[in-house]
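Visitor: Next up, start-v8.cif (mmCIF, C-alpha atoms).
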```
data_run
#
loop_
_atom_site.label_atom_id
_atom_site.label_comp_id
_atom_site.auth_asym_id
_atom_site.auth_seq_id
_atom_site.Cartn_x
_atom_site.Cartn_y
_atom_site.Cartn_z
CA MET A 1 122.31 120.31 51.56
CA ILE A 2 124.95 121.39 54.06
CA ILE A 3 128.46 122.20 52.78
CA SER A 4 131.14 123.04 55.33
CA ILE A 5 134.30 124.92 54.55
CA LEU A 6 137.31 124.08 56.68
CA SER A 7 141.07 123.97 56.40
CA GLY A 8 143.14 122.90 59.35
CA LYS A 9 145.53 125.80 58.82
CA GLY A 10 144.36 129.32 59.61
CA GLY A 11 144.42 132.02 56.95
CA THR A 12 144.12 129.74 53.94
CA GLY A 13 140.94 131.41 52.71
CA LYS A 14 138.02 129.55 54.29
CA THR A 15 135.94 132.67 54.65
CA THR A 16 136.91 133.80 51.14
CA ALA A 17 135.75 130.47 49.72
CA ALA A 18 132.58 130.33 51.85
CA VAL A 19 131.51 133.87 51.00
CA ASN A 20 132.25 133.56 47.28
CA LEU A 21 130.42 130.26 47.10
CA ALA A 22 127.41 131.88 48.81
CA VAL A 23 127.48 134.95 46.56
CA SER A 24 127.84 132.81 43.43
CA LEU A 25 124.99 130.47 44.32
CA ALA A 26 122.75 133.42 45.20
CA ALA A 27 123.60 135.00 41.84
CA LYS A 28 122.36 131.78 40.20
CA ASN A 29 119.07 132.17 42.09
CA GLU A 30 119.74 129.43 44.61
CA LYS A 31 118.49 129.95 48.17
CA VAL A 32 121.54 130.19 50.41
CA LEU A 33 122.07 130.33 54.17
CA LEU A 34 125.60 131.10 55.34
CA LEU A 35 126.65 130.27 58.90
CA ASP A 36 129.79 131.82 60.30
CA ALA A 37 130.77 129.16 62.84
CA ASP A 38 134.17 130.70 63.53
CA VAL A 39 132.66 131.94 66.77
CA GLU A 40 135.92 133.20 68.26
CA GLU A 41 136.45 135.55 65.34
CA PRO A 42 133.41 135.65 63.06
CA ASN A 43 134.29 137.79 60.08
CA ALA A 44 132.30 136.58 57.06
CA GLY A 45 130.06 139.56 57.83
CA LEU A 46 132.89 141.90 56.81
CA TYR A 47 132.44 140.63 53.24
CA LEU A 48 128.70 140.17 53.24
CA LYS A 49 127.70 143.23 55.30
CA PRO A 50 124.48 141.62 56.51
CA VAL A 51 121.61 143.44 58.19
CA LEU A 52 121.22 141.65 61.53
CA GLU A 53 117.65 141.32 62.69
CA GLU A 54 117.84 138.99 65.65
CA SER A 55 120.26 138.40 68.50
CA LEU A 56 119.94 135.36 70.75
CA PRO A 57 122.01 135.09 73.92
CA VAL A 58 123.80 131.76 74.49
CA SER A 59 124.12 130.63 78.10
CA ILE A 60 125.56 127.69 79.97
CA PRO A 61 124.00 126.39 83.22
CA VAL A 62 125.92 127.27 86.40
CA PRO A 63 124.96 126.53 90.04
CA GLN A 64 122.96 128.84 92.27
CA ILE A 65 122.66 127.94 95.94
CA ASP A 66 119.42 128.10 97.90
CA GLU A 67 120.78 129.21 101.29
CA GLN A 68 117.49 128.21 102.95
CA ARG A 69 118.04 124.56 102.07
CA CYS A 70 121.83 124.30 102.15
CA ASP A 71 123.34 122.77 105.29
CA TYR A 72 126.95 123.38 104.15
CA CYS A 73 127.80 119.69 103.96
CA GLY A 74 130.34 120.41 101.21
CA GLU A 75 129.47 117.52 98.91
CA CYS A 76 129.10 119.84 95.93
CA ALA A 77 132.54 121.36 96.51
CA ASP A 78 134.12 117.91 96.97
CA PHE A 79 132.55 116.73 93.75
CA CYS A 80 133.50 119.66 91.55
CA GLN A 81 136.77 118.91 89.73
CA PHE A 82 137.08 122.55 88.69
CA ASN A 83 136.59 124.06 92.16
CA ALA A 84 133.69 126.16 90.96
CA LEU A 85 132.07 125.89 94.40
CA ALA A 86 133.61 126.40 97.81
CA VAL A 87 132.12 125.83 101.22
CA ALA A 88 133.67 127.90 104.01
CA GLN A 89 131.90 127.18 107.28
CA LYS A 90 128.42 128.74 106.83
CA VAL A 91 128.97 130.22 103.39
CA VAL A 92 128.91 128.69 99.91
CA ILE A 93 130.77 130.66 97.28
CA THR A 94 130.34 129.91 93.57
CA PHE A 95 132.87 130.72 90.88
CA PRO A 96 130.76 130.64 87.71
CA GLU A 97 133.73 131.38 85.45
CA LEU A 98 135.34 128.08 86.55
CA CYS A 99 132.15 126.03 86.03
CA HIS A 100 132.17 123.55 83.15
CA ALA A 101 128.35 123.25 83.28
CA CYS A 102 128.30 119.50 83.94
CA GLY A 103 125.41 119.73 86.42
CA GLY A 104 127.07 117.25 88.80
CA CYS A 105 126.73 119.49 91.86
CA THR A 106 122.94 119.54 91.48
CA LEU A 107 122.94 115.73 91.40
CA VAL A 108 125.14 115.16 94.46
CA CYS A 109 123.47 117.77 96.70
CA PRO A 110 121.51 115.80 99.33
CA LYS A 111 119.32 118.82 100.15
CA GLU A 112 118.37 119.73 96.56
CA ALA A 113 119.70 123.16 97.39
CA ILE A 114 121.34 123.82 94.02
CA LYS A 115 119.53 124.98 90.94
CA GLU A 116 121.09 125.90 87.63
CA VAL A 117 120.92 129.39 86.23
CA GLY A 118 122.22 130.63 82.89
CA ARG A 119 125.52 132.42 82.48
CA GLU A 120 125.82 134.17 79.14
CA ILE A 121 128.93 133.20 77.16
CA GLY A 122 128.09 134.59 73.73
CA LEU A 123 125.33 135.11 71.22
CA VAL A 124 123.97 134.09 67.86
CA GLU A 125 122.94 136.77 65.40
CA LYS A 126 120.67 136.27 62.42
CA GLY A 127 119.91 138.42 59.44
CA TRP A 128 120.18 138.82 55.71
CA ALA A 129 122.85 139.89 53.25
CA GLU A 130 120.57 140.76 50.32
CA SER A 131 119.08 137.38 49.36
CA ILE A 132 121.59 135.36 51.43
CA GLY A 133 120.38 134.21 54.82
CA PHE A 134 123.09 134.91 57.39
CA ARG A 135 123.86 133.67 60.89
CA GLN A 136 126.93 134.14 63.02
CA GLY A 137 127.99 132.97 66.44
CA ARG A 138 129.98 135.19 68.73
CA LEU A 139 131.83 133.86 71.79
CA ASN A 140 132.62 136.39 74.53
CA ILE A 141 136.33 137.13 75.00
CA GLY A 142 138.05 134.81 77.48
CA GLU A 143 135.33 132.15 77.42
CA PRO A 144 136.69 128.60 77.20
CA PHE A 145 133.70 126.83 75.59
CA ALA A 146 132.85 127.60 72.00
CA ILE A 147 130.64 124.58 71.44
CA PRO A 148 127.40 125.82 73.08
CA VAL A 149 127.50 128.83 70.75
CA THR A 150 128.10 126.63 67.70
CA ARG A 151 125.23 124.36 68.76
CA THR A 152 122.82 127.27 69.07
CA LEU A 153 124.05 128.57 65.72
CA LYS A 154 123.22 125.24 64.07
CA GLU A 155 119.82 124.79 65.73
CA GLY A 156 117.08 123.88 63.28
CA LEU A 157 119.41 123.24 60.32
CA ALA A 158 118.01 119.76 59.79
CA ASP A 159 114.61 121.27 59.06
CA ILE A 160 115.91 123.60 56.37
CA LYS A 161 115.26 121.73 53.16
CA ASP A 162 114.94 124.53 50.63
CA SER A 163 118.32 126.23 51.12
CA ILE A 164 121.92 125.37 50.50
CA VAL A 165 123.59 125.80 53.88
CA ILE A 166 127.25 126.88 53.85
CA ILE A 167 129.15 126.62 57.13
CA ASP A 168 132.33 128.64 57.51
CA SER A 169 134.21 126.67 60.15
CA PRO A 170 137.05 127.77 62.45
CA ALA A 171 140.66 126.76 61.80
CA GLY A 172 142.18 123.71 63.43
CA VAL A 173 140.81 120.21 63.91
CA SER A 174 139.63 120.32 67.53
CA CYS A 175 136.17 120.19 69.13
CA PRO A 176 134.78 123.53 67.87
CA VAL A 177 135.63 122.52 64.28
CA ILE A 178 134.12 119.07 64.68
CA GLU A 179 130.95 120.63 66.13
CA ALA A 180 130.80 123.03 63.17
CA VAL A 181 131.22 120.42 60.43
CA ARG A 182 129.42 117.40 61.89
CA GLY A 183 126.24 116.58 60.04
CA SER A 184 127.48 118.18 56.80
CA ASP A 185 126.79 116.50 53.47
CA PHE A 186 130.10 117.64 52.03
CA ALA A 187 133.29 119.30 53.27
CA LEU A 188 135.41 121.64 51.17
CA LEU A 189 138.94 121.77 52.52
CA VAL A 190 140.69 125.00 51.65
CA THR A 191 144.48 124.89 51.52
CA GLU A 192 147.46 126.69 50.02
CA PRO A 193 150.50 125.28 48.22
CA THR A 194 152.97 125.62 51.08
CA PRO A 195 154.45 123.06 53.47
CA PHE A 196 152.21 124.52 56.18
CA GLY A 197 149.13 124.21 54.01
CA ARG A 198 150.03 120.63 53.21
CA HIS A 199 150.70 119.68 56.79
CA ASP A 200 147.43 121.03 58.13
CA LEU A 201 145.46 119.75 55.13
CA GLY A 202 146.70 116.32 56.16
CA LEU A 203 145.19 116.83 59.62
CA ALA A 204 141.90 118.13 58.24
CA LEU A 205 141.67 115.18 55.82
CA GLU A 206 142.16 112.78 58.69
CA MET A 207 139.34 114.49 60.56
CA VAL A 208 136.76 114.43 57.75
CA GLU A 209 137.69 110.83 56.92
CA HIS A 210 137.06 109.96 60.55
CA LEU A 211 133.72 111.79 60.53
CA GLY A 212 132.79 110.06 57.28
CA ILE A 213 132.00 113.29 55.42
CA PRO A 214 132.56 113.24 51.62
CA HIS A 215 135.12 115.89 50.78
CA GLY A 216 137.19 117.73 48.20
CA VAL A 217 139.95 120.33 48.19
CA VAL A 218 140.14 123.97 47.15
CA ILE A 219 143.66 125.25 46.50
CA ASN A 220 143.82 128.95 47.27
CA ARG A 221 146.71 131.18 46.20
CA ALA A 222 147.50 128.56 43.58
CA GLY A 223 150.61 129.08 41.47
CA ASP A 224 152.42 127.31 38.64
CA ASP A 225 153.51 124.50 40.90
CA ASN A 226 151.00 123.27 43.48
CA SER A 227 152.62 119.88 43.87
CA THR A 228 153.09 120.26 47.66
CA VAL A 229 149.37 119.85 48.13
CA SER A 230 148.27 118.20 44.87
CA GLU A 231 150.57 115.24 45.57
CA LEU A 232 148.86 114.70 48.92
CA CYS A 233 145.45 114.85 47.25
CA GLN A 234 146.58 112.30 44.67
CA GLU A 235 147.99 110.03 47.36
CA LYS A 236 144.74 110.19 49.30
CA ASN A 237 142.57 110.10 46.20
CA VAL A 238 140.86 113.37 47.11
CA PRO A 239 139.47 115.49 44.26
CA ILE A 240 140.72 119.06 43.75
CA MET A 241 137.47 120.93 43.19
CA LEU A 242 138.84 124.41 42.50
CA GLU A 243 142.05 126.37 42.20
CA ILE A 244 141.97 130.06 43.06
CA GLU A 245 144.95 131.74 41.43
CA PHE A 246 147.36 133.86 43.42
CA SER A 247 146.65 137.25 41.87
CA SER A 248 146.97 140.83 43.01
CA ARG A 249 143.49 141.58 41.62
CA LEU A 250 141.85 139.02 43.91
CA ALA A 251 144.03 140.05 46.84
CA SER A 252 143.16 143.73 46.53
CA LEU A 253 139.44 142.97 46.31
CA GLY A 254 139.82 140.84 49.41
CA ALA A 255 141.65 143.65 51.19
CA GLU A 256 138.74 145.97 50.42
CA GLY A 257 136.25 143.45 51.82
CA ILE A 258 134.63 142.78 48.42
CA PRO A 259 133.84 139.15 47.52
CA PHE A 260 135.70 138.74 44.22
CA SER A 261 132.86 136.81 42.63
CA LYS A 262 130.74 139.95 42.97
CA ALA A 263 133.27 142.10 41.14
CA LEU A 264 134.33 139.41 38.62
CA PRO A 265 131.19 137.51 37.60
CA TYR A 266 133.03 134.70 35.76
CA TRP A 267 133.95 133.43 39.22
CA GLN A 268 130.26 132.82 39.82
CA ASP A 269 130.34 130.19 37.08
CA ARG A 270 133.42 128.57 38.57
CA PHE A 271 131.90 128.39 42.04
CA TYR A 272 128.61 127.17 40.60
CA GLU A 273 130.51 124.34 38.91
CA VAL A 274 132.03 123.46 42.27
CA TYR A 275 128.51 123.26 43.70
CA GLN A 276 127.34 121.09 40.79
CA SER A 277 130.12 118.60 41.34
CA VAL A 278 129.57 118.65 45.12
CA LYS A 279 125.95 117.70 44.40
CA GLU A 280 127.03 114.87 42.10
CA LYS A 281 129.50 113.55 44.64
CA CYS A 282 126.85 113.63 47.37
CA LEU A 283 124.47 111.65 45.15
CA CYS A 284 127.21 109.08 44.55
CA ALA A 285 128.02 108.92 48.28
CA ASN A 286 124.39 108.18 49.12
CA MET B 287 145.43 128.70 119.06
CA LYS B 288 146.99 127.68 115.78
CA ILE B 289 148.36 129.50 112.77
CA GLY B 290 149.24 128.06 109.37
CA VAL B 291 152.25 128.81 107.18
CA THR B 292 152.60 127.75 103.53
CA ALA B 293 155.77 125.69 103.27
CA THR B 294 157.97 123.85 100.81
CA GLY B 295 158.84 121.17 103.40
CA LYS B 296 157.41 119.49 106.45
CA ASP B 297 159.25 121.13 109.38
CA LEU B 298 160.01 124.54 110.86
CA GLU B 299 163.38 124.74 109.12
CA SER B 300 161.88 124.45 105.64
CA GLN B 301 161.40 127.48 103.49
CA MET B 302 158.09 129.24 103.42
CA ASP B 303 156.35 128.73 100.06
CA PRO B 304 155.30 132.17 98.78
CA ARG B 305 152.43 130.59 96.82
CA PHE B 306 149.22 129.79 98.59
CA GLY B 307 147.10 127.66 96.22
CA ARG B 308 149.95 125.51 95.01
CA CYS B 309 152.21 125.35 98.07
CA ALA B 310 153.32 121.82 98.98
CA TYR B 311 152.32 121.86 102.67
CA PHE B 312 150.61 123.86 105.32
CA ILE B 313 152.56 123.88 108.56
CA LEU B 314 150.13 124.34 111.43
CA VAL B 315 151.86 125.61 114.50
CA ASP B 316 150.99 126.80 117.96
CA PRO B 317 153.04 130.01 118.36
CA ASP B 318 153.34 129.58 122.13
CA THR B 319 154.51 125.98 122.33
CA GLU B 320 155.92 125.72 118.76
CA GLU B 321 154.19 122.38 118.48
CA PHE B 322 153.51 121.81 114.81
CA GLU B 323 152.22 119.43 112.18
CA ALA B 324 152.50 119.46 108.38
CA VAL B 325 149.47 118.72 106.21
CA ASP B 326 149.40 118.20 102.46
CA ASN B 327 147.80 120.89 100.35
CA PRO B 328 145.29 119.24 98.00
CA GLY B 329 145.44 122.32 95.75
CA VAL B 330 148.83 121.16 94.43
CA SER B 331 147.21 118.71 92.06
CA ALA B 332 144.12 120.75 91.14
CA GLY B 333 143.57 121.24 87.43
CA GLY B 334 142.15 124.68 88.09
CA GLY B 335 140.90 126.60 91.07
CA ALA B 336 143.86 125.49 93.19
CA GLY B 337 143.53 128.45 95.53
CA ILE B 338 139.84 127.68 96.15
CA GLN B 339 140.60 124.09 96.98
CA ALA B 340 143.56 125.01 99.19
CA ALA B 341 141.47 127.59 101.05
CA GLN B 342 138.72 125.09 101.86
CA ALA B 343 141.27 122.56 103.09
CA PHE B 344 142.99 125.23 105.14
CA ILE B 345 139.74 126.33 106.81
CA LYS B 346 139.05 122.73 107.85
CA GLN B 347 142.33 122.67 109.81
CA GLY B 348 140.89 125.17 112.30
CA ALA B 349 143.76 127.67 112.21
CA GLU B 350 142.98 131.31 112.95
CA ALA B 351 145.53 132.90 110.69
CA LEU B 352 147.46 132.12 107.51
CA ILE B 353 150.91 133.37 106.63
CA THR B 354 151.88 133.21 102.99
CA GLY B 355 153.54 135.23 100.23
CA TYR B 356 150.50 136.16 98.18
CA CYS B 357 146.96 134.99 97.79
CA GLY B 358 144.78 135.41 94.69
CA PRO B 359 141.25 136.80 94.61
CA ASN B 360 139.34 133.47 94.63
CA ALA B 361 141.30 131.99 97.54
CA PHE B 362 141.06 135.31 99.34
CA ASP B 363 137.25 135.30 99.13
CA VAL B 364 137.03 131.75 100.50
CA LEU B 365 139.49 132.42 103.33
CA ALA B 366 137.68 135.64 104.25
CA ALA B 367 134.36 133.74 104.34
CA GLY B 368 136.03 131.26 106.68
CA GLY B 369 137.13 134.10 108.97
CA ILE B 370 140.85 133.51 108.41
CA LYS B 371 143.25 136.41 108.91
CA ILE B 372 145.97 136.50 106.25
CA TYR B 373 149.48 137.81 106.88
CA GLN B 374 152.19 138.38 104.33
CA ALA B 375 155.81 137.33 104.70
CA SER B 376 158.73 137.22 102.28
CA GLU B 377 160.70 134.05 101.62
CA MET B 378 162.47 132.79 104.72
CA SER B 379 162.29 129.69 106.91
CA VAL B 380 159.02 128.83 108.63
CA ARG B 381 160.72 129.36 112.01
CA GLU B 382 161.78 132.89 111.03
CA VAL B 383 158.24 133.59 109.80
CA LEU B 384 156.94 132.45 113.14
CA ASN B 385 159.34 134.73 115.02
CA HIS B 386 158.26 137.74 112.96
CA TYR B 387 154.63 136.83 113.60
CA LYS B 388 155.16 136.59 117.35
CA LYS B 389 156.76 140.04 117.39
CA GLY B 390 153.78 141.44 115.49
CA GLU B 391 155.97 142.38 112.53
CA LEU B 392 153.90 140.84 109.72
CA LYS B 393 151.48 142.86 107.62
CA GLU B 394 147.89 141.71 107.42
CA ILE B 395 146.66 141.38 103.83
CA SER B 396 143.28 143.00 103.35
CA THR B 397 143.05 142.91 99.56
CA PRO B 398 143.75 139.96 97.26
CA GLY B 399 146.76 139.84 94.95
CA LYS B 400 146.74 139.05 91.24
CA ALA B 401 145.12 135.84 90.00
CA ASN B 402 147.21 132.88 88.83
CA ARG B 403 150.56 134.01 90.25
CA GLY B 404 151.28 130.58 91.69
CA LYS B 405 150.80 129.15 88.20
CA GLY B 406 153.79 131.14 87.02
CA SER B 407 152.21 134.21 85.41
CA ARG B 408 153.57 137.56 86.48
#
```
Would you kindly transcribe this structure into structure tokens?

Guide:
Amino acid sequence: MIISILSGKGGTGKTTAAVNLAVSLAAKNEKVLLLDADVEEPNAGLYLKPVLEESLPVSIPVPQIDEQRCDYCGECADFCQFNALAVAQKVVITFPELCHACGGCTLVCPKEAIKEVGREIGLVEKGWAESIGFRQGRLNIGEPFAIPVTRTLKEGLADIKDSIVIIDSPAGVSCPVIEAVRGSDFALLVTEPTPFGRHDLGLALEMVEHLGIPHGVVINRAGDDNSTVSELCQEKNVPIMLEIEFSSRLASLGAEGIPFSKALPYWQDRFYEVYQSVKEKCLCAN
Amino acid sequence: MKIGVTATGKDLESQMDPRFGRCAYFILVDPDTEEFEAVDNPGVSAGGGAGIQAAQAFIKQGAEALITGYCGPNAFDVLAAGGIKIYQASEMSVREVLNHYKKGELKEISTPGKANRGKGSR
């Protein structure tokens, strides 16, 4: 089973929810694999302190010119919408950082003088946080494409049958988020009872509805009146799976980088209940 | 022999455009006869890599030298590969630029400027 954690709005507590769910399930002897798919700023590791055992580079294909074959006709440069190749008389210059890795230049070259070589844009690291399997993607600073890293991060997930996979997604509702959550059995949308939380929850709901992923909401920093977001859930008929109270105890544990379900074991039962009802809802959905 | 000046308009009285990659026109002029023609810069509408596109188009025009305000690293590399000499001028009319060039008063640029200046970053 794959459960993704997303939010729309940044800073609502996606990583908090993902990590505490993972810790709680592991405490109940479930096999858990946590993926930090927030590849621009992976930080679930700050809570879980995993031992990383493997590091796989992620590359995108960029053109390399065979000067022996090239006759400087310029078709590659004319074709490239991003001006990642330039032909200046008897020289071809490539600008790999502008290349969008479409491979078009290799197709239009009449002399078959272009081959693709890898340009590293990030990496995927794998390891363990005690009994929790851990993977994180890391996109190099300034790189425009997160998706190849997310794809590599998610490689082989379909074959994992014996673990509960938890995907900590990035904020927002754009391509990197969609790549992170697609293929999930259930989506937990983390929000907070503020107008901002409500607004972005609305966007995230639209996205998971569109993707056809069964979903429920976690209200973080919940207070006495959560109507800003609970009204939206009611309107859309979306279940509220968990409320995490706004408390200084939880906040200070968070600030120390300690998953609160480790320090306060009753949270393990609450997160385990969330998992149980996710399972039920997935059975109903199928 | 021909030289090219980046310009905001299509004749010698128009202002020089200090940007290279995203200038509106190249004015190609023979310094001796002052015969000229204006050609569109395709870099104007480039999504990215405007300087690279402009440089390739400029090389195809067969001019020996370029006069502009500043030229970023990517365009500089392409122009250098095309054997183009680059001279720097401040904002004035194309005709004034030409006069300074003829008197040998313009500085040749041998190192590229900052990237993305024509896009508005400083």

Visitor: Using 12 Å as the limit and counting all atoms listed in the file, can you tabulate each residue of chain B that touches chain A, with its shortest atom-to-atom distance in Å and the two atoms involved, as CSV?

Guide:
```
residue,atom,partner,partner_atom,distance
B:Gly307,CA,A:Asn83,CA,11.8
B:Pro328,CA,A:Asp78,CA,11.3
B:Gly329,CA,A:Asn83,CA,9.7
B:Ser331,CA,A:Gln81,CA,10.7
B:Ala332,CA,A:Phe82,CA,7.7
B:Gly333,CA,A:Phe82,CA,6.7
B:Gly334,CA,A:Phe82,CA,5.5
B:Gly335,CA,A:Asn83,CA,5.1
B:Ala336,CA,A:Asn83,CA,7.5
B:Gly337,CA,A:Asn83,CA,8.9
B:Ile338,CA,A:Asn83,CA,6.3
B:Gln339,CA,A:Asn83,CA,6.3
B:Ala340,CA,A:Asn83,CA,9.9
B:Ala341,CA,A:Ala88,CA,8.3
B:Gln342,CA,A:Ala88,CA,6.2
B:Ala343,CA,A:Ala88,CA,9.3
B:Phe344,CA,A:Ala88,CA,9.8
B:Ile345,CA,A:Ala88,CA,6.9
B:Lys346,CA,A:Ala88,CA,8.4
B:Gln347,CA,A:Gln89,CA,11.6
B:Gly348,CA,A:Gln89,CA,10.5
B:Pro359,CA,A:Phe95,CA,11.0
B:Asn360,CA,A:Phe95,CA,8.0
B:Ala361,CA,A:Ala86,CA,9.5
B:Phe362,CA,A:Ala88,CA,11.5
B:Asp363,CA,A:Ile93,CA,8.2
B:Val364,CA,A:Ala88,CA,6.2
B:Leu365,CA,A:Ala88,CA,7.4
B:Ala366,CA,A:Ala88,CA,8.7
B:Ala367,CA,A:Ala88,CA,5.9
B:Gly368,CA,A:Ala88,CA,4.9
B:Gly369,CA,A:Ala88,CA,8.7
B:Ile370,CA,A:Ala88,CA,10.1
```

Visitor: Rounded to one decimal place, report the atom CA of A:Asn29-atom CA of A:Leu52 distance in Å.

Guide: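 Answer for the atom CA of A:Asn29 to atom CA of A:Leu52 separation: 21.7 Å.
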
Visitor: Starting from the displayed file, determine the output of the PyMOL selection byres ((chain B and resi 303) around 8) and express the residue list as a ChimeraX atom specification.

Guide: /B:292-294,301-302,304-306,309-310,354-355,377

Visitor: Just say which residues the PyMOL selection byres ((chain A and resi 225) around 12) picks in this file, as a PyMOL selection string.

Guide: chain A and resi 192-194+219+221-224+226-231+243+245-246

Visitor: Tell me which protein, DNA and RNA residues are within 10 Å of A:Ile164, counting only C-alpha atoms, leaving out same-chain ones fewer than 2 positions away, and put them as a list of chain:residue names.

Guide: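 With the cut-off at 10 Å, the set is A:Met1, A:Ile2, A:Ile3, A:Ala22, A:Leu25, A:Ala26, A:Glu30, A:Lys31, A:Val32, A:Leu33, A:Leu34, A:Gly133, A:Ile160, A:Lys161, A:Asp162, A:Ile166, A:Ile167, A:Tyr275.
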
Visitor: With the file shown as input, list the residues that the PyMOL selection byres ((chain A and resi 50) around 10) selects, as number ranges by chain.

Guide: A: 44-49, 51-53, 126-135

Visitor: Counting all atoms listed in the file, what is within 6 Å of B:Ala324, bar same-chain residues fewer than 6 positions away, as number ranges by chain?

Guide: B: 296, 312-313

Visitor: For each of A:Lys279, A:Lys262, A:Arg119, A:Arg138, take the minimum atom-to-atom distance to A:Leu35, counting only C-alpha atoms, then give the residue where this is smallest.

Guide: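 For A:Leu35, the nearest of the given residues is A:Arg138.
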
Visitor: Kindly indicate which residue among A:Pro176, A:Val190, A:Asn20, A:Gln136 lies nearest to A:Asp269, using only C-alpha atoms for the distances.

Guide: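 Smallest distance to A:Asp269 is found for A:Asn20.
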
Visitor: A:Cys109: which residues within 9 Å, counting only C-alpha atoms, same-chain residues fewer than 3 positions away excluded, as a PyMOL selection string?

Guide: chain A and resi 70+73-76+104-106+112-114

Visitor: Which of these, B:Ile353, B:Leu298, B:Leu384, B:Leu392, has the shortest distance to B:Asp318 once you count only C-alpha atoms?

Guide: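 Result for the nearest residue to B:Asp318: B:Leu384.
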
Visitor: Leaving out A:Lys281 and any residue of its chain fewer than 2 positions from it, which residues lie within 10 Å of it when counting all atoms listed in the file, given as an MDAnalysis selection string?

Guide: chainID A and resid 185:186 214:216 275:279 283:286

Visitor: Hey, can you spit out that residue selection with C-alpha atoms as a CSV table (one decimal), in the frame of the given file?

Guide:
```
chain,number,residue,atom,x,y,z
A,185,ASP,CA,126.8,116.5,53.5
A,186,PHE,CA,130.1,117.6,52.0
A,214,PRO,CA,132.6,113.2,51.6
A,215,HIS,CA,135.1,115.9,50.8
A,216,GLY,CA,137.2,117.7,48.2
A,275,TYR,CA,128.5,123.3,43.7
A,276,GLN,CA,127.3,121.1,40.8
A,277,SER,CA,130.1,118.6,41.3
A,278,VAL,CA,129.6,118.6,45.1
A,279,LYS,CA,126.0,117.7,44.4
A,283,LEU,CA,124.5,111.6,45.2
A,284,CYS,CA,127.2,109.1,44.6
A,285,ALA,CA,128.0,108.9,48.3
A,286,ASN,CA,124.4,108.2,49.1
```
